[in-house]
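Trainee: Have a look at this one.
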Protein chains: 2
Amino acid sequence: MPRHLTFGVILTGTGGPGEHNRWLDPEIPGDASVDLDWYTEQAQAAEAAGLDLVFIVDSQFITPDSPPHYLNRLEPLTLLSALAARTERIGLVGTATTSYNSPYNLARRFASLDLISRGRAGWNVVTSGDAGTAGNYGLDEHYDYATRYGRAAEHIEVSRALWDSYEDDAFPRDRSTGVFLDPDKLHTTDHRGEHFRVAGPLNIERSPQGQPVIFQAGDSDEGRDLGAKYADGIFTHAASIPANRAFADDIRARARAFGRNPEHVVILPGAKIIVGDSDEEARDEELAQHRLSNTFEQALGELGRPFGWHDFRQYDLDAPFPDVLVHAERSFRTQATSIVEHATREGLTLRQVVELHAAPRRSPFVGTATTVADAIEEWFRAGAADGFNIYVSKPSQFRRFIDEVLPVLRARGLARDGYTGTTLREHLGLPVPANRHTAERDTAAVAARQPASV
Amino acid sequence: MPRHLTFGVILTGTGGPGEHNRWLDPEIPGDASVDLDWYTEQAQAAEAAGLDLVFIVDSQFITPDSPPHYLNRLEPLTLLSALAARTERIGLVGTATTSYNSPYNLARRFASLDLISRGRAGWNVVTSGDAGTAGNYGLDEHYDYATRYGRAAEHIEVSRALWDSYEDDAFPRDRSTGVFLDPDKLHTTDHRGEHFRVAGPLNIERSPQGQPVIFQAGDSDEGRDLGAKYADGIFTHAASIPANRAFADDIRARARAFGRNPEHVVILPGAKIIVGDSDEEARDEELAQHRLSNTFEQALGELGRPFGWHDFRQYDLDAPFPDVLVHAERSFRTQATSIVEHATREGLTLRQVVELHAAPRRSPFVGTATTVADAIEEWFRAGAADGFNIYVSKPSQFRRFIDEVLPVLRARGLARDGYTGTTLREHLGLPVPANRHTAERDTAAVAARQPASV
């Protein structure tokens, strides 16, 4: 894997998770989350800077209290397909859930995105934490945790089998002989598993990168195993260098245990980057941005999210944090557990927990361009990150990262100076996965050429 | 509805249904069906000519004997989203099945396409005729006919309800008051039907055309009812002026019976158009193109399609046509019934049926530009068509239609001279459907202003 930093940019229109008032910033159009031209502008800026990928997150459950970007947003693959037509090199990564999609349908859509972008598609596999999503898909309640992760693993397995339906030389398209397809290079899937039955084959060929790149972000034990077993890239949060180093070591150890090359897993913490003319100016901007995030009432509402949007307004704010972990069982369980454990350990009231959640958090990546570059370099050299998934608080800050921070990292030999390949796998330094049927055939051919063992 | 011809163009890459050898034409790239640039070129040519829409068909079941375009194609909405980014005005219509999609997911994808294209999306609703598709979605066999059509109707109903989740003025996005959403203008769906349960609301606002345009192509009694009840546009085949006039009258009568304005259903037969310098040259080109369609063996295979891909190679070619209608029950039943009835009536052998199917069919729209324009005008004035969905046999023929036939129709006042609107509904002369919740509110307000009845 090339030893340079990988950079993604998370495009969230009117705001990120739980950000209710970001859109009040005059830089952010109120319709940013549904405007293809807004996304095009950011993606083209990212591409001009040689970034590796853009990342479109998702959710499918709303209430009138949801933040603006959640209330009204474009479906990720629709948006990424449009961006594929307006960009040439940058990777295109989108979130899609294995809980409420059919493998044939979703594998086909990612394969189509991969082909129209000529090898730039990536799939961030999620199991859906918002329990309410179930109601949009005919279920009374969300799948339990084991079923969610069982479906996710099987969904990825089936998708990868479908993506290998055609070997790379399946289509001679020979006008002189009239042969379009070599039928020996087309393979059915015949999957019969616990959660899915899929006959196949998929009706689409592989792209130049072989298969779409798989990303994963789960932090539970099941989530880490899923990522270590299947993912080419891991999204996580940036806690601290020691914590992220331990996370990366854990993921690589699990990957090794699954028989994988741990260097083939790219670990990307999310990073809020703010650049100022002085460190102090940048910290002031961080605070100013924070003031545009949530009111206390909004933060109280958002606290319910990991607990299946449990309504905390029913409790006494000044009583001890209520016993609500049961509501997280089919939601964001890991995050909810951490909140409850912290509250119990410190003896916090509900008000204190909300205030902690609404309190300004100091990102490690705030300061002058040099300060930010130093922090990025430190994380990278410490093995805490292979790169970062940048959260764009506002477009002007994204431009400052591109114009001021990236050149410093390039001068230090840490960041690529433009693209060296055309596919997302090439950007990430990952090999093209061999088609399983071609690999079998090659193995058999090699075996046939060996002298028989005694 | 404006009294001008509507024109769509069907883009099928390496060939249409059952066309195995079209790709041997040197004009057609062997990878046309998976090349975004090829589709872009055709769509931009259609847009430059002011055509109303491009249409992308679909299927999800293949065998090694499937025609090239079926073997390897892009998923329609992925492709249309990319084309939305490369066009400005033309309508974007794609096929999607109600048998193997969830309403929430599919409604969301069409709403996203509608929004990124600023009101140009259309959905051709199908129930999937290829019985084998079931195997890709975990079913042992395809749904029976009644279930397929029941699902289709309910799927459309739910989709339309989801598309009305937000009233058009739901988002004040008022920076001075900090109000992003007017929560009274957001509505849940709460659908509990025979086939689907969907809570809603959908997390996306309406486009400038209100809702995506609905198309339907079924020709059975159930299919005609579905189209008459829900569709804004009907795709059908071009049989003859009397047959198509009767079809159009039937659809409009059914639409009236459903309480709809029959003028709000645009009927578009598919038309193979071939233009030559003389009528004879055009007929020669038609024959030459026919020679590139199917061999006898390929036609024998294709005959199986309406019968659930039943394998006719097992029968004596010179015995009477076998009794196989049972295999069509969960497939293209109407088409299969017509084949069997014809064979029985005429006492045909299997070989004769195949030869009839493989025989050159004379399209009514072949000749000089004037001949073709005359035929189009005759069908239009006879009430047999509101326009045509043009099948592009090869790009040079599409250019001849644009450069030679369209100007004649414009000179006669039958075709639009460029676009007069920006949305697909405007192109088709269809009104924007009022949001159901706004309409209810307005009705209630009007009622409140009326003096109480005595």
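Ligands are numbered from 1 in the order shown, residues from 1 within each chain, and chains are lettered A, B, ... in the order they appear in the structure tokens.
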Should the cut-off be 8 Å, what would the residue list for chain A against chain B look like, counting only C-alpha atoms, as an NGL selection string?

Mentor: :A and (21 or 24 or 30 or 34-36 or 60-62 or 64 or 68 or 70-75 or 77-79 or 81-86 or 102 or 104 or 108-109 or 112-113 or 115-116 or 135-139 or 173 or 175 or 178 or 180-181 or 183 or 186 or 196-205)

Trainee: Can you pull out every residue within 9 Å of Glu355 of chain A, counting only C-alpha atoms, but drop anything in the same chain fewer than 3 positions away, and send it as number ranges by chain?

Mentor: A: 296, 299-300, 350-352, 358-359

Trainee: Any chance you could list, as a PyMOL selection string, the residues in segment 230-317 of chain A that come up alpha helix (DSSP H) when DSSP is run on the backbone?

Mentor: chain A and resi 230+241-257+279-291+296-303

Trainee: Do you know which residues are at most 12 Å from Glu27 of chain A counting only C-alpha atoms, after dropping those on the same chain fewer than 3 positions away, and could you put them as a list of chain:residue names?

Mentor: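 Contacts, with the query itself left out: A:Gly13, A:Thr14, A:Gly15, A:Arg22, A:Trp23, A:Leu24, A:Gly30, A:Asp31, A:Ala32, A:Trp38, A:Gln289, A:Val392, A:Ser393, A:Lys394, A:Pro395, A:Ser396, A:Gln397, A:Phe398, B:Arg175.
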
Trainee: Could you save those same residues with N, CA, C and O atoms as a PDB file, in the first residue's frame?

Mentor:
ATOM      1  N   GLY A  13     -24.535  18.515   2.808  1.00  0.00           N
ATOM      2  CA  GLY A  13     -25.504  19.566   2.514  1.00  0.00           C
ATOM      3  C   GLY A  13     -25.725  20.508   3.682  1.00  0.00           C
ATOM      4  O   GLY A  13     -24.799  21.207   4.117  1.00  0.00           O
ATOM      5  N   THR A  14     -26.956  20.504   4.204  1.00  0.00           N
ATOM      6  CA  THR A  14     -27.321  21.472   5.242  1.00  0.00           C
ATOM      7  C   THR A  14     -26.829  21.104   6.641  1.00  0.00           C
ATOM      8  O   THR A  14     -27.145  21.811   7.592  1.00  0.00           O
ATOM      9  N   GLY A  15     -26.073  20.021   6.799  1.00  0.00           N
ATOM     10  CA  GLY A  15     -25.531  19.720   8.122  1.00  0.00           C
ATOM     11  C   GLY A  15     -25.326  18.242   8.366  1.00  0.00           C
ATOM     12  O   GLY A  15     -25.906  17.409   7.683  1.00  0.00           O
ATOM     13  N   ARG A  22     -26.976  24.372  11.361  1.00  0.00           N
ATOM     14  CA  ARG A  22     -25.840  24.652  10.480  1.00  0.00           C
ATOM     15  C   ARG A  22     -26.269  25.494   9.276  1.00  0.00           C
ATOM     16  O   ARG A  22     -25.537  26.338   8.777  1.00  0.00           O
ATOM     17  N   TRP A  23     -27.493  25.236   8.779  1.00  0.00           N
ATOM     18  CA  TRP A  23     -27.978  25.934   7.579  1.00  0.00           C
ATOM     19  C   TRP A  23     -28.120  27.441   7.797  1.00  0.00           C
ATOM     20  O   TRP A  23     -28.252  28.193   6.818  1.00  0.00           O
ATOM     21  N   LEU A  24     -28.078  27.872   9.059  1.00  0.00           N
ATOM     22  CA  LEU A  24     -28.167  29.322   9.292  1.00  0.00           C
ATOM     23  C   LEU A  24     -26.886  30.038   8.881  1.00  0.00           C
ATOM     24  O   LEU A  24     -26.887  31.257   8.720  1.00  0.00           O
ATOM     25  N   GLY A  30     -29.972  26.874   1.748  1.00  0.00           N
ATOM     26  CA  GLY A  30     -30.986  26.114   2.468  1.00  0.00           C
ATOM     27  C   GLY A  30     -31.386  24.834   1.760  1.00  0.00           C
ATOM     28  O   GLY A  30     -31.875  23.891   2.377  1.00  0.00           O
ATOM     29  N   ASP A  31     -31.176  24.777   0.436  1.00  0.00           N
ATOM     30  CA  ASP A  31     -31.548  23.575  -0.308  1.00  0.00           C
ATOM     31  C   ASP A  31     -30.312  22.757  -0.718  1.00  0.00           C
ATOM     32  O   ASP A  31     -30.390  21.922  -1.624  1.00  0.00           O
ATOM     33  N   ALA A  32     -29.183  22.969  -0.003  1.00  0.00           N
ATOM     34  CA  ALA A  32     -27.940  22.277  -0.383  1.00  0.00           C
ATOM     35  C   ALA A  32     -28.129  20.759  -0.453  1.00  0.00           C
ATOM     36  O   ALA A  32     -27.576  20.096  -1.339  1.00  0.00           O
ATOM     37  N   TRP A  38     -24.961  21.927  -6.047  1.00  0.00           N
ATOM     38  CA  TRP A  38     -24.161  22.159  -4.844  1.00  0.00           C
ATOM     39  C   TRP A  38     -23.185  21.003  -4.635  1.00  0.00           C
ATOM     40  O   TRP A  38     -21.995  21.208  -4.410  1.00  0.00           O
ATOM     41  N   GLN A 289     -18.936  28.011  14.976  1.00  0.00           N
ATOM     42  CA  GLN A 289     -19.667  26.937  14.288  1.00  0.00           C
ATOM     43  C   GLN A 289     -20.489  26.131  15.284  1.00  0.00           C
ATOM     44  O   GLN A 289     -21.621  25.738  14.997  1.00  0.00           O
ATOM     45  N   VAL A 392     -16.964  18.466   6.130  1.00  0.00           N
ATOM     46  CA  VAL A 392     -16.954  19.851   5.652  1.00  0.00           C
ATOM     47  C   VAL A 392     -18.013  20.640   6.392  1.00  0.00           C
ATOM     48  O   VAL A 392     -19.204  20.510   6.141  1.00  0.00           O
ATOM     49  N   SER A 393     -17.576  21.465   7.327  1.00  0.00           N
ATOM     50  CA  SER A 393     -18.527  22.290   8.064  1.00  0.00           C
ATOM     51  C   SER A 393     -19.099  23.358   7.148  1.00  0.00           C
ATOM     52  O   SER A 393     -20.266  23.694   7.218  1.00  0.00           O
ATOM     53  N   LYS A 394     -18.244  23.915   6.301  1.00  0.00           N
ATOM     54  CA  LYS A 394     -18.723  24.901   5.329  1.00  0.00           C
ATOM     55  C   LYS A 394     -17.741  24.936   4.157  1.00  0.00           C
ATOM     56  O   LYS A 394     -16.551  24.649   4.317  1.00  0.00           O
ATOM     57  N   PRO A 395     -18.231  25.257   2.975  1.00  0.00           N
ATOM     58  CA  PRO A 395     -17.383  25.189   1.779  1.00  0.00           C
ATOM     59  C   PRO A 395     -16.095  26.007   1.883  1.00  0.00           C
ATOM     60  O   PRO A 395     -15.043  25.556   1.428  1.00  0.00           O
ATOM     61  N   SER A 396     -16.148  27.185   2.508  1.00  0.00           N
ATOM     62  CA  SER A 396     -14.928  28.008   2.553  1.00  0.00           C
ATOM     63  C   SER A 396     -13.855  27.310   3.368  1.00  0.00           C
ATOM     64  O   SER A 396     -12.656  27.426   3.082  1.00  0.00           O
ATOM     65  N   GLN A 397     -14.252  26.548   4.400  1.00  0.00           N
ATOM     66  CA  GLN A 397     -13.272  25.794   5.184  1.00  0.00           C
ATOM     67  C   GLN A 397     -12.685  24.636   4.366  1.00  0.00           C
ATOM     68  O   GLN A 397     -11.517  24.303   4.498  1.00  0.00           O
ATOM     69  N   PHE A 398     -13.523  24.029   3.539  1.00  0.00           N
ATOM     70  CA  PHE A 398     -13.022  22.960   2.664  1.00  0.00           C
ATOM     71  C   PHE A 398     -11.973  23.523   1.708  1.00  0.00           C
ATOM     72  O   PHE A 398     -10.914  22.933   1.482  1.00  0.00           O
TER      73      PHE A 398
ATOM     74  N   ARG B 175     -34.087  32.292   7.442  1.00  0.00           N
ATOM     75  CA  ARG B 175     -32.930  32.525   8.307  1.00  0.00           C
ATOM     76  C   ARG B 175     -33.233  33.539   9.406  1.00  0.00           C
ATOM     77  O   ARG B 175     -32.609  33.517  10.461  1.00  0.00           O
TER      78      ARG B 175
END

Trainee: Out of A:Leu356, A:Ala170, A:Ile274, A:Leu430, which residue has the shortest atom-to-atom distance to Ala231 of chain A when counting only C-alpha atoms?

Mentor: A:Leu430

Trainee: Counting only C-alpha atoms, what is within 12 Å of segment 439-444 of chain B, bar same-chain residues fewer than 3 positions away, as a PyMOL selection string?

Mentor: chain B and resi 164+167-168+184-185+433-436+447-450

Trainee: Keeping only N, CA, C and O atoms, write the selected residues to a file as a short mmCIF file (atom, residue, chain, number, x, y, z; two decimals), in the first residue's frame.

Mentor:
data_model
loop_
_atom_site.label_atom_id
_atom_site.label_comp_id
_atom_site.auth_asym_id
_atom_site.auth_seq_id
_atom_site.Cartn_x
_atom_site.Cartn_y
_atom_site.Cartn_z
N ASP B 164 -46.24 12.70 -1.69
CA ASP B 164 -46.94 13.88 -1.14
C ASP B 164 -46.59 14.12 0.33
O ASP B 164 -47.30 14.87 1.01
N GLU B 167 -45.85 19.09 1.69
CA GLU B 167 -46.55 20.06 0.84
C GLU B 167 -45.52 21.00 0.22
O GLU B 167 -44.39 21.10 0.68
N ASP B 168 -45.94 21.67 -0.86
CA ASP B 168 -44.96 22.44 -1.63
C ASP B 168 -44.36 23.61 -0.86
O ASP B 168 -43.27 24.07 -1.17
N ASP B 184 -46.45 21.38 10.17
CA ASP B 184 -47.82 21.06 9.75
C ASP B 184 -47.88 20.63 8.29
O ASP B 184 -48.90 20.11 7.83
N LYS B 185 -46.80 20.87 7.55
CA LYS B 185 -46.80 20.54 6.12
C LYS B 185 -46.06 19.23 5.83
O LYS B 185 -45.74 18.95 4.68
N PRO B 433 -49.95 17.38 -10.46
CA PRO B 433 -50.93 16.88 -9.49
C PRO B 433 -50.83 17.65 -8.18
O PRO B 433 -49.74 17.83 -7.65
N ALA B 434 -51.98 18.13 -7.71
CA ALA B 434 -51.97 18.88 -6.45
C ALA B 434 -51.56 17.95 -5.32
O ALA B 434 -51.90 16.77 -5.33
N ASN B 435 -50.79 18.47 -4.37
CA ASN B 435 -50.48 17.69 -3.18
C ASN B 435 -51.80 17.38 -2.45
O ASN B 435 -52.60 18.28 -2.20
N ARG B 436 -52.02 16.10 -2.11
CA ARG B 436 -53.31 15.69 -1.54
C ARG B 436 -53.63 16.40 -0.21
O ARG B 436 -54.79 16.68 0.07
N ALA B 447 -64.94 25.14 2.04
CA ALA B 447 -66.17 24.72 2.71
C ALA B 447 -66.49 25.66 3.87
O ALA B 447 -67.65 26.03 4.09
N ALA B 448 -65.43 26.05 4.59
CA ALA B 448 -65.63 26.91 5.76
C ALA B 448 -66.14 28.30 5.34
O ALA B 448 -66.84 28.97 6.10
N ARG B 449 -65.78 28.72 4.10
CA ARG B 449 -66.21 30.04 3.63
C ARG B 449 -67.64 30.03 3.07
O ARG B 449 -68.24 31.07 2.88
N GLN B 450 -68.16 28.80 2.74
CA GLN B 450 -69.51 28.71 2.19
C GLN B 450 -70.52 28.97 3.31
O GLN B 450 -70.31 28.57 4.45
#

Trainee: Compare A:Glu286, A:Asp219, A:Asp130, A:Asp417 by their minimum atom-to-atom distance to Thr236 of chain A, counting only C-alpha atoms, and give me the closest one.

Mentor: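 Checking each candidate against Thr236 of chain A, we get A:Asp219 as the closest.
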
Trainee: In Å, with one decimal, what is the gap from atom CA of Glu263 of chain A to atom CA of Thr95 of chain A?

Mentor: 23.3 Å

Trainee: Between B:Ile402, B:Gly210, B:Gly270, B:Asp169, single out the one closest to Ile234 of chain B, counting only C-alpha atoms.

Mentor: B:Gly270

Trainee: Out of B:Ala153, B:Ile273, B:Ala248, B:Ile214, which residue has the shortest atom-to-atom distance to Ala382 of chain B when counting only C-alpha atoms?

Mentor: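 Closest to Ala382 of chain B, using only C-alpha atoms: B:Ala248.
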
Trainee: Using DSSP on the backbone coordinates, identify the residues of segment 31-280 of chain A assigned to strand (DSSP E); present them as a ChimeraX atom specification.

Mentor: /A:53-56,91-97,121-126,191-192,197-198,213-216,233-237,266-272,274-275

Trainee: State, in Å with one decimal place, the distance from atom CA of Arg260 of chain A to atom CA of Glu194 of chain A.

Mentor: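 So the answer is 24.5 Å.
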
Trainee: For each of B:Ala343, B:Leu53, B:Leu303, B:Ala288, take the minimum atom-to-atom distance to Glu426 of chain B, counting only C-alpha atoms, then give the residue where this is smallest.

Mentor: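 Under the stated criterion, the closest residue is B:Leu53.
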
Trainee: Distance atom CA of Asp250 of chain A-atom CA of Trp379 of chain A, one decimal place?

Mentor: 16.3 Å

Trainee: With only C-alpha atoms as the counted atoms, please give the residues lying no more than 9 Å from Glu154 of chain A, apart from itself and same-chain residues fewer than 2 positions off, as a list in words.

Mentor: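 The residues that qualify are Tyr149, Gly150, Arg151, Ala152, Ile156, Glu157, Val158, Ser159, Gly193, Glu194, His195 and Phe196 of chain A.
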
Trainee: Just to be explicit: take each residue in the selection above, keep N, CA, C and O atoms, and write the result as a tab-separated table (two decimals), in the first residue's frame.

Mentor:
chain	number	residue	atom	x	y	z
A	149	TYR	N	-26.52	-8.14	11.79
A	149	TYR	CA	-25.14	-8.41	11.36
A	149	TYR	C	-25.03	-9.70	10.55
A	149	TYR	O	-24.18	-9.80	9.66
A	150	GLY	N	-25.92	-10.65	10.83
A	150	GLY	CA	-25.97	-11.86	10.00
A	150	GLY	C	-26.37	-11.52	8.57
A	150	GLY	O	-25.75	-11.98	7.59
A	151	ARG	N	-27.40	-10.69	8.45
A	151	ARG	CA	-27.82	-10.25	7.11
A	151	ARG	C	-26.70	-9.48	6.40
A	151	ARG	O	-26.48	-9.65	5.21
A	152	ALA	N	-26.02	-8.62	7.14
A	152	ALA	CA	-24.98	-7.79	6.52
A	152	ALA	C	-23.88	-8.67	5.93
A	152	ALA	O	-23.48	-8.49	4.77
A	156	ILE	N	-23.13	-9.12	1.87
A	156	ILE	CA	-21.85	-8.82	1.22
A	156	ILE	C	-21.36	-10.05	0.45
A	156	ILE	O	-20.91	-9.94	-0.70
A	157	GLU	N	-21.46	-11.23	1.08
A	157	GLU	CA	-21.03	-12.47	0.42
A	157	GLU	C	-21.77	-12.65	-0.91
A	157	GLU	O	-21.16	-12.93	-1.96
A	158	VAL	N	-23.10	-12.50	-0.87
A	158	VAL	CA	-23.89	-12.68	-2.09
A	158	VAL	C	-23.54	-11.63	-3.13
A	158	VAL	O	-23.40	-11.93	-4.32
A	159	SER	N	-23.37	-10.39	-2.67
A	159	SER	CA	-23.06	-9.31	-3.62
A	159	SER	C	-21.75	-9.60	-4.34
A	159	SER	O	-21.64	-9.45	-5.56
A	193	GLY	N	-28.80	-19.15	1.59
A	193	GLY	CA	-28.26	-18.92	2.93
A	193	GLY	C	-29.37	-18.78	3.95
A	193	GLY	O	-30.54	-19.07	3.68
A	194	GLU	N	-28.98	-18.31	5.13
A	194	GLU	CA	-29.95	-18.18	6.21
A	194	GLU	C	-30.93	-17.04	5.92
A	194	GLU	O	-32.12	-17.13	6.22
A	195	HIS	N	-30.43	-15.97	5.31
A	195	HIS	CA	-31.28	-14.79	5.12
A	195	HIS	C	-31.69	-14.56	3.67
A	195	HIS	O	-32.69	-13.89	3.41
A	196	PHE	N	-30.90	-15.06	2.73
A	196	PHE	CA	-31.17	-14.76	1.32
A	196	PHE	C	-31.04	-16.00	0.45
A	196	PHE	O	-30.21	-16.87	0.72
